[in-house]
$ cat work-v3.txt   # compact mmCIF, C-alpha atoms
# COMPACT_ATOMS: atom_id res chain seq x y z
CA MET A 1374 16.29 77.69 13.85
CA CYS A 1375 13.38 77.77 11.45
CA THR A 1376 13.38 77.65 7.71
CA LEU A 1377 11.24 78.74 4.82
CA ASP A 1378 10.42 75.13 3.97
CA GLY A 1379 9.81 74.21 7.61
CA CYS A 1380 7.35 76.91 8.55
CA GLY A 1381 5.92 78.39 5.42
CA SER A 1382 4.78 75.59 3.13
CA ASN A 1383 1.21 74.58 2.40
CA ASP A 1384 1.52 70.81 2.25
CA HIS A 1385 -0.38 69.82 5.38
CA LEU A 1386 0.38 66.51 7.05
CA GLY A 1387 -3.01 66.76 8.73
CA PRO A 1388 -5.76 69.37 8.38
CA PRO A 1389 -6.10 71.74 11.32
CA PRO A 1390 -9.33 71.23 13.27
CA LYS A 1391 -12.05 73.81 12.81
CA ALA A 1392 -14.59 75.20 15.23
CA THR A 1393 -18.22 75.26 14.16
CA ASP A 1394 -20.06 78.57 14.20
CA GLU A 1395 -21.92 77.48 17.33
CA GLN A 1396 -18.72 76.41 19.10
CA ARG A 1397 -17.11 79.71 18.23
CA ARG A 1398 -20.10 81.66 19.53
CA LEU A 1399 -20.17 79.74 22.80
CA PHE A 1400 -16.40 79.97 23.26
CA LEU A 1401 -16.43 83.73 22.79
CA LYS A 1402 -19.21 83.96 25.38
CA GLY A 1403 -17.14 81.89 27.79
CA ALA A 1404 -19.77 79.15 27.79
CA VAL A 1405 -17.72 76.29 26.36
CA ALA A 1406 -14.15 75.02 26.46
CA LEU A 1407 -12.50 73.90 23.25
CA PRO A 1408 -9.36 71.83 22.61
CA LEU A 1409 -6.20 73.90 22.17
CA ALA A 1410 -5.72 72.75 18.56
CA VAL A 1411 -9.17 74.03 17.63
CA ILE A 1412 -8.44 77.38 19.26
CA LEU A 1413 -5.06 77.76 17.57
CA ALA A 1414 -6.50 76.94 14.14
CA ASP A 1415 -9.01 79.80 14.38
CA PRO A 1416 -7.47 83.32 14.41
CA VAL A 1417 -10.49 84.78 16.18
CA LEU A 1418 -10.45 82.17 18.93
CA ALA A 1419 -6.66 82.33 19.33
CA HIS A 1420 -6.84 86.10 19.70
CA ALA A 1421 -9.68 85.80 22.21
CA GLN A 1422 -7.84 83.25 24.36
CA GLY A 1423 -4.56 85.15 24.13
CA SER A 1424 -6.18 88.41 25.16
CA MET A 1425 -6.39 87.28 28.78
CA LEU A 1426 -2.63 87.81 29.23
CA ASP A 1427 -1.24 90.86 31.03
CA LYS A 1428 1.92 92.71 30.08
CA VAL A 1429 4.91 92.72 32.41
CA THR A 1430 8.35 94.27 32.01
CA ILE A 1431 11.43 92.15 32.62
CA THR A 1432 14.63 94.15 33.19
CA THR A 1433 18.10 92.68 32.86
CA PRO A 1434 20.91 93.68 35.26
CA GLU A 1435 22.27 95.82 32.42
CA GLY A 1436 19.02 97.80 32.30
CA VAL A 1437 17.61 96.30 29.11
CA ASP A 1438 13.82 96.00 29.23
CA MET A 1439 11.74 93.25 27.65
CA VAL A 1440 7.96 93.41 27.59
CA ALA A 1441 6.55 89.92 28.14
CA GLU A 1442 3.01 88.67 28.70
CA ILE A 1443 1.79 86.58 31.61
CA ALA A 1444 -1.20 84.32 32.21
CA MET A 1445 -2.24 83.34 35.71
CA PRO A 1446 -3.90 80.09 36.77
CA ALA A 1447 -6.97 79.88 38.99
CA THR A 1448 -5.11 78.26 41.89
CA LEU A 1449 -2.09 79.89 43.52
CA PRO A 1450 0.73 79.51 44.36
CA ALA A 1451 1.68 77.68 41.18
CA PRO A 1452 4.71 76.42 39.26
CA THR A 1453 5.80 78.52 36.31
CA VAL A 1454 6.71 78.05 32.66
CA ILE A 1455 8.52 80.34 30.21
CA LEU A 1456 7.21 80.07 26.64
CA ILE A 1457 9.58 81.08 23.83
CA HIS A 1458 8.08 81.93 20.47
CA GLU A 1459 8.81 80.60 16.99
CA TRP A 1460 10.73 82.68 14.47
CA TRP A 1461 7.52 84.61 13.79
CA GLY A 1462 7.68 86.38 17.15
CA LEU A 1463 5.19 86.69 20.01
CA ASN A 1464 1.88 86.32 18.22
CA ASP A 1465 -1.64 85.21 19.09
CA GLN A 1466 -0.72 81.55 18.71
CA ILE A 1467 1.90 81.72 21.48
CA ARG A 1468 -0.36 83.88 23.64
CA ALA A 1469 -3.14 81.32 23.30
CA VAL A 1470 -0.77 78.50 24.26
CA ALA A 1471 0.32 80.52 27.31
CA ALA A 1472 -3.32 80.90 28.31
CA GLU A 1473 -3.72 77.14 27.94
CA TYR A 1474 -0.75 76.57 30.25
CA ALA A 1475 -2.50 78.77 32.81
CA LYS A 1476 -5.60 76.59 32.47
CA GLN A 1477 -3.34 73.62 33.23
CA GLY A 1478 -2.24 75.23 36.49
CA TYR A 1479 0.93 77.13 35.57
CA ILE A 1480 1.95 80.75 35.72
CA ALA A 1481 2.83 81.15 32.04
CA LEU A 1482 5.24 83.83 30.85
CA ALA A 1483 5.36 84.37 27.10
CA VAL A 1484 8.59 86.22 26.39
CA ASP A 1485 9.29 88.45 23.39
CA LEU A 1486 12.91 88.23 22.32
CA TYR A 1487 12.31 90.57 19.37
CA GLY A 1488 10.55 93.56 20.88
CA GLU A 1489 8.95 94.06 17.48
CA PRO A 1490 5.56 93.22 15.96
CA PRO A 1491 5.47 89.56 14.89
CA ALA A 1492 6.25 88.69 11.31
CA THR A 1493 3.64 87.43 8.87
CA THR A 1494 6.01 86.33 6.08
CA PRO A 1495 9.05 84.03 6.11
CA GLU A 1496 11.21 86.93 4.93
CA GLY A 1497 10.07 89.08 7.83
CA ALA A 1498 10.60 86.25 10.31
CA ARG A 1499 14.09 85.62 9.01
CA ALA A 1500 14.97 89.30 9.42
CA LEU A 1501 13.67 89.35 13.00
CA MET A 1502 15.51 86.16 13.91
CA SER A 1503 18.79 87.40 12.46
CA SER A 1504 18.52 90.62 14.48
CA VAL A 1505 18.71 88.81 17.83
CA ASP A 1506 21.86 89.39 19.87
CA PRO A 1507 22.51 86.04 21.61
CA VAL A 1508 24.13 87.67 24.63
CA VAL A 1509 21.21 90.04 25.17
CA ALA A 1510 18.65 87.28 24.58
CA THR A 1511 20.39 85.08 27.15
CA ARG A 1512 20.31 87.86 29.71
CA LYS A 1513 16.60 88.45 29.05
CA LEU A 1514 15.88 84.78 29.64
CA GLN A 1515 18.03 84.62 32.75
CA SER A 1516 16.13 87.62 34.11
CA SER A 1517 12.83 85.97 33.18
CA VAL A 1518 13.75 82.89 35.21
CA GLU A 1519 14.60 85.07 38.19
CA PHE A 1520 11.34 86.99 37.75
CA LEU A 1521 9.33 83.76 37.92
CA LYS A 1522 11.30 82.23 40.77
CA ASN A 1523 10.70 85.36 42.84
CA HIS A 1524 7.11 85.99 41.76
CA LYS A 1525 4.88 86.33 44.81
CA ASP A 1526 2.53 83.61 43.53
CA SER A 1527 5.22 81.19 42.37
CA THR A 1528 6.20 77.92 44.02
CA GLY A 1529 9.73 78.64 42.81
CA LYS A 1530 9.65 75.92 40.17
CA VAL A 1531 10.39 77.08 36.60
CA GLY A 1532 10.19 75.23 33.29
CA SER A 1533 10.93 76.40 29.77
CA VAL A 1534 9.36 75.42 26.47
CA GLY A 1535 9.91 76.70 22.96
CA TRP A 1536 9.16 75.91 19.35
CA CYS A 1537 11.42 76.23 16.31
CA PHE A 1538 13.61 79.30 17.05
CA GLY A 1539 12.21 79.14 20.58
CA GLY A 1540 13.04 75.46 20.90
CA GLY A 1541 16.71 76.24 20.57
CA TRP A 1542 16.32 79.04 23.07
CA SER A 1543 14.54 76.75 25.53
CA LEU A 1544 17.69 74.63 25.49
CA ASN A 1545 19.86 77.75 25.83
CA THR A 1546 17.78 78.78 28.84
CA ALA A 1547 18.45 75.43 30.48
CA LEU A 1548 22.18 75.84 29.81
CA ALA A 1549 22.31 79.39 31.20
CA THR A 1550 20.02 79.04 34.25
CA ASP A 1551 18.86 76.57 36.86
CA VAL A 1552 15.41 75.85 35.46
CA ASP A 1553 13.76 72.68 36.74
CA ALA A 1554 12.77 71.24 33.34
CA ALA A 1555 13.02 72.20 29.67
CA VAL A 1556 11.13 71.13 26.56
CA ILE A 1557 12.42 71.56 23.01
CA TYR A 1558 10.09 71.42 20.02
CA TYR A 1559 12.24 70.96 16.87
CA GLY A 1560 14.80 73.54 17.95
CA ASN A 1561 18.48 73.84 17.09
CA VAL A 1562 20.40 71.49 19.39
CA ASP A 1563 23.80 71.62 17.69
CA LYS A 1564 25.90 71.67 20.88
CA THR A 1565 29.31 70.37 21.89
CA PRO A 1566 30.00 68.47 25.12
CA GLU A 1567 31.62 71.63 26.49
CA GLN A 1568 28.52 73.67 25.75
CA VAL A 1569 26.18 71.28 27.58
CA ALA A 1570 28.44 70.92 30.62
CA THR A 1571 26.35 73.47 32.54
CA LEU A 1572 23.08 71.56 32.04
CA THR A 1573 21.32 70.52 35.25
CA ALA A 1574 17.68 70.36 34.12
CA PRO A 1575 15.97 67.30 32.66
CA LEU A 1576 15.20 67.71 28.95
CA MET A 1577 12.40 66.56 26.70
CA GLY A 1578 12.68 66.94 22.94
CA HIS A 1579 10.13 66.54 20.13
CA PHE A 1580 11.51 66.10 16.60
CA GLY A 1581 10.18 65.17 13.18
CA THR A 1582 11.75 62.51 11.01
CA LEU A 1583 10.92 64.55 7.88
CA ASP A 1584 12.65 67.69 9.16
CA LYS A 1585 15.56 68.43 6.86
CA ASN A 1586 17.26 70.95 9.16
CA ILE A 1587 16.63 69.87 12.74
CA ASN A 1588 17.33 66.35 11.60
CA MET A 1589 18.36 63.03 13.10
CA GLU A 1590 22.04 63.69 12.47
CA MET A 1591 21.89 66.88 14.54
CA VAL A 1592 19.87 65.33 17.36
CA GLU A 1593 22.03 62.21 17.54
CA GLY A 1594 25.11 64.45 17.70
CA PHE A 1595 23.47 66.36 20.55
CA GLU A 1596 22.77 63.12 22.36
CA GLU A 1597 26.42 62.12 22.00
CA SER A 1598 27.43 65.48 23.46
CA LEU A 1599 25.13 64.91 26.42
CA LYS A 1600 26.55 61.45 27.02
CA THR A 1601 30.13 62.69 26.76
CA ALA A 1602 29.31 65.43 29.29
CA GLY A 1603 27.82 62.86 31.66
CA LYS A 1604 24.22 64.01 31.26
CA SER A 1605 21.49 61.39 31.43
CA LEU A 1606 18.25 63.21 32.26
CA TYR A 1607 16.81 63.56 28.79
CA LYS A 1608 14.18 61.93 26.60
CA PHE A 1609 13.81 62.61 22.88
CA TYR A 1610 10.76 61.62 20.87
CA TRP A 1611 10.59 61.19 17.10
CA TYR A 1612 7.42 61.67 15.08
CA ASP A 1613 6.68 60.77 11.48
CA ALA A 1614 6.22 64.46 10.77
CA ASP A 1615 7.99 67.55 9.54
CA HIS A 1616 9.27 70.74 11.15
CA ALA A 1617 6.59 72.77 13.00
CA PHE A 1618 4.26 69.78 13.16
CA ALA A 1619 2.69 71.10 16.37
CA ASN A 1620 1.55 74.44 14.91
CA PRO A 1621 -2.02 74.30 13.53
CA THR A 1622 -1.52 77.65 11.77
CA GLY A 1623 1.38 76.37 9.65
CA GLY A 1624 1.72 74.16 6.63
CA ARG A 1625 3.26 71.13 8.35
CA TYR A 1626 0.69 70.54 11.09
CA ASP A 1627 0.13 66.94 12.19
CA ALA A 1628 -2.84 66.71 14.53
CA GLU A 1629 -2.15 63.28 15.98
CA ASP A 1630 1.53 63.90 16.67
CA ALA A 1631 0.87 67.40 18.01
CA LYS A 1632 -1.58 65.97 20.55
CA LEU A 1633 0.84 63.22 21.56
CA ALA A 1634 3.68 65.73 22.02
CA TRP A 1635 1.39 67.98 24.08
CA ASP A 1636 0.35 65.11 26.36
CA ARG A 1637 3.96 64.06 26.86
CA THR A 1638 4.96 67.64 27.65
CA MET A 1639 2.15 68.05 30.16
CA ALA A 1640 3.15 64.82 31.93
CA PHE A 1641 6.81 65.90 31.95
CA PHE A 1642 6.09 69.30 33.47
CA LYS A 1643 3.62 67.82 35.96
CA TYR A 1644 6.29 65.45 37.23
CA HIS A 1645 9.15 67.92 37.43
CA LEU A 1646 7.31 71.14 38.35
CA LYS A 1647 4.28 70.03 40.36
CA LYS A 1648 5.68 67.18 42.42
CA PRO A 1649 6.37 68.01 46.10
CA ALA A 1650 9.89 69.22 46.87

$ encode --input "work-v3.txt" --output "structure tokens"
Amino acid sequence: MCTLDGCGSNDHLGPPPKATDEQRRLFLKGAVALPLAVILADPVLAHAQGSMLDKVTITTPEGVDMVAEIAMPATLPAPTVILIHEWWGLNDQIRAVAAEYAKQGYIALAVDLYGEPPATTPEGARALMSSVDPVVATRKLQSSVEFLKNHKDSTGKVGSVGWCFGGGWSLNTALATDVDAAVIYYGNVDKTPEQVATLTAPLMGHFGTLDKNINMEMVEGFEESLKTAGKSLYKFYWYDADHAFANPTGGRYDAEDAKLAWDRTMAFFKYHLKKPA
């Protein structure tokens, strides 16, 4: 779930970091590493980092194809992570984040639940999001999990992470598959106890106190559903921030909270995906 106010406004909570001309030149030459936030805030750098991904085709049992993009780490075999895009679609921002996951030692699969060019306006994003068939999307994600579990370079461990629209679908992936860990960035978590009964993966959630849609009432209701269903492996974090606070390209970016959420996510995946079986 993502809204016009949540992803399209211009009232920054914190200015996105900028690369200097010299940093940009060296990065493009492959001579310097830059923080992810700096890369994401620069369209040229985000495109350059995201260009290292390769296309793969995921096919559901029903024969529906989804073209996804994959980034490989330097050391193999490796644990794997599915990245699920915001309502905009699979764009350079998500590709760049997938490449960063590969740098952190994961096989990173950036899925494309739209199969269409990413949107550049809230109206276009809303149209793409509303076109998604939940049954088909679920099957695509189930097939993506199987693809990663059976990948020749995979350890068999799979995590999921998503933002906004993708945050809700990261949760849906954990409900529909046996992933080993799932992270939700300000995604729709309006679920009943019956709907979360299938959950086996530990969850981490990142939410903003200023978010008017993915708000405390929704998240507290979700937590009650988890408790009623007997689920205890979850940790939710609240930030004094708004929806999409982790996206440097959007209007609600909060640099400090985005970094803290990233560090927490990395520690969570390291524990659940990289620890010995």

$ atom_distance --input "work-v3.txt" --atom1 "CA of Tyr1474 (chain A)" --atom2 "CA of Leu1401 (chain A)"
18.8 Å

$ atom_distance --input "work-v3.txt" --atom1 "CA of Thr1453 (chain A)" --atom2 "CA of Lys1402 (chain A)"
27.8 Å

$ closest_residue --input "work-v3.txt" --among "A:Gly1594, A:Gly1539, A:Gly1624, A:Gly1436" --to "Met1502 (chain A)" --atoms "all atoms listed in the file"
A:Gly1539

$ closest_residue --input "work-v3.txt" --among "A:Met1425, A:Ala1549, A:Ala1481, A:Ala1492" --to "Ala1510 (chain A)" --atoms "only C-alpha atoms"
A:Ala1549

$ closest_residue --input "work-v3.txt" --among "A:Pro1566, A:Pro1491, A:Gly1560, A:Pro1575" --to "His1616 (chain A)" --atoms "only C-alpha atoms"
A:Gly1560

$ atom_distance --input "work-v3.txt" --atom1 "CA of Val1509 (chain A)" --atom2 "CA of Val1429 (chain A)"
18.0 Å

$ closest_residue --input "work-v3.txt" --among "A:Arg1398, A:Gly1478, A:Ala1410, A:Ile1431" --to "Asp1627 (chain A)" --atoms "all atoms listed in the file"
A:Ala1410

$ residues_around --input "work-v3.txt" --residues "Trp1611 (chain A)" --least-positions-apart "6" --cutoff "7 Å" --atoms "only C-alpha atoms" --output "PyMOL selection string"
chain A and resi 1579-1582

$ closest_residue --input "work-v3.txt" --among "A:Ser1527, A:Gln1466, A:Ser1504, A:Thr1550" --to "Asn1620 (chain A)" --atoms "all atoms listed in the file"
A:Gln1466

$ closest_residue --input "work-v3.txt" --among "A:Gly1540, A:Gly1603, A:Gly1532, A:Pro1490" --to "Glu1567 (chain A)" --atoms "all atoms listed in the file"
A:Gly1603

$ residues_around --input "work-v3.txt" --residues "region 1521-1526 of chain A" --least-positions-apart "2" --cutoff "8 Å" --atoms "all atoms listed in the file" --output "CSV table (one decimal) with C-alpha atoms, in the frame of the given file"
chain,number,residue,atom,x,y,z
A,1449,LEU,CA,-2.1,79.9,43.5
A,1450,PRO,CA,0.7,79.5,44.4
A,1451,ALA,CA,1.7,77.7,41.2
A,1453,THR,CA,5.8,78.5,36.3
A,1517,SER,CA,12.8,86.0,33.2
A,1518,VAL,CA,13.8,82.9,35.2
A,1519,GLU,CA,14.6,85.1,38.2
A,1528,THR,CA,6.2,77.9,44.0
A,1529,GLY,CA,9.7,78.6,42.8
A,1530,LYS,CA,9.6,75.9,40.2
A,1531,VAL,CA,10.4,77.1,36.6

$ residues_near_point --input "work-v3.txt" --point "(5.0, 85.3, 13.2)" --cutoff "9 Å" --atoms "all atoms listed in the file" --output "PyMOL selection string"
chain A and resi 1458-1466+1490-1495+1497-1498

$ residues_around --input "work-v3.txt" --residues "Ala1619 (chain A)" --least-positions-apart "5" --cutoff "9 Å" --atoms "only C-alpha atoms" --output "PDB file with C-alpha atoms, in the coordinates of the input"
ATOM      1  CA  ALA A1410      -5.720  72.750  18.560  1.00  0.00           C
ATOM      2  CA  TRP A1536       9.160  75.910  19.350  1.00  0.00           C
ATOM      3  CA  TYR A1558      10.090  71.420  20.020  1.00  0.00           C
ATOM      4  CA  ARG A1625       3.260  71.130   8.350  1.00  0.00           C
ATOM      5  CA  TYR A1626       0.690  70.540  11.090  1.00  0.00           C
ATOM      6  CA  ASP A1627       0.130  66.940  12.190  1.00  0.00           C
ATOM      7  CA  ALA A1628      -2.840  66.710  14.530  1.00  0.00           C
ATOM      8  CA  ASP A1630       1.530  63.900  16.670  1.00  0.00           C
ATOM      9  CA  ALA A1631       0.870  67.400  18.010  1.00  0.00           C
ATOM     10  CA  LYS A1632      -1.580  65.970  20.550  1.00  0.00           C
ATOM     11  CA  ALA A1634       3.680  65.730  22.020  1.00  0.00           C
ATOM     12  CA  TRP A1635       1.390  67.980  24.080  1.00  0.00           C
TER      13      TRP A1635
END
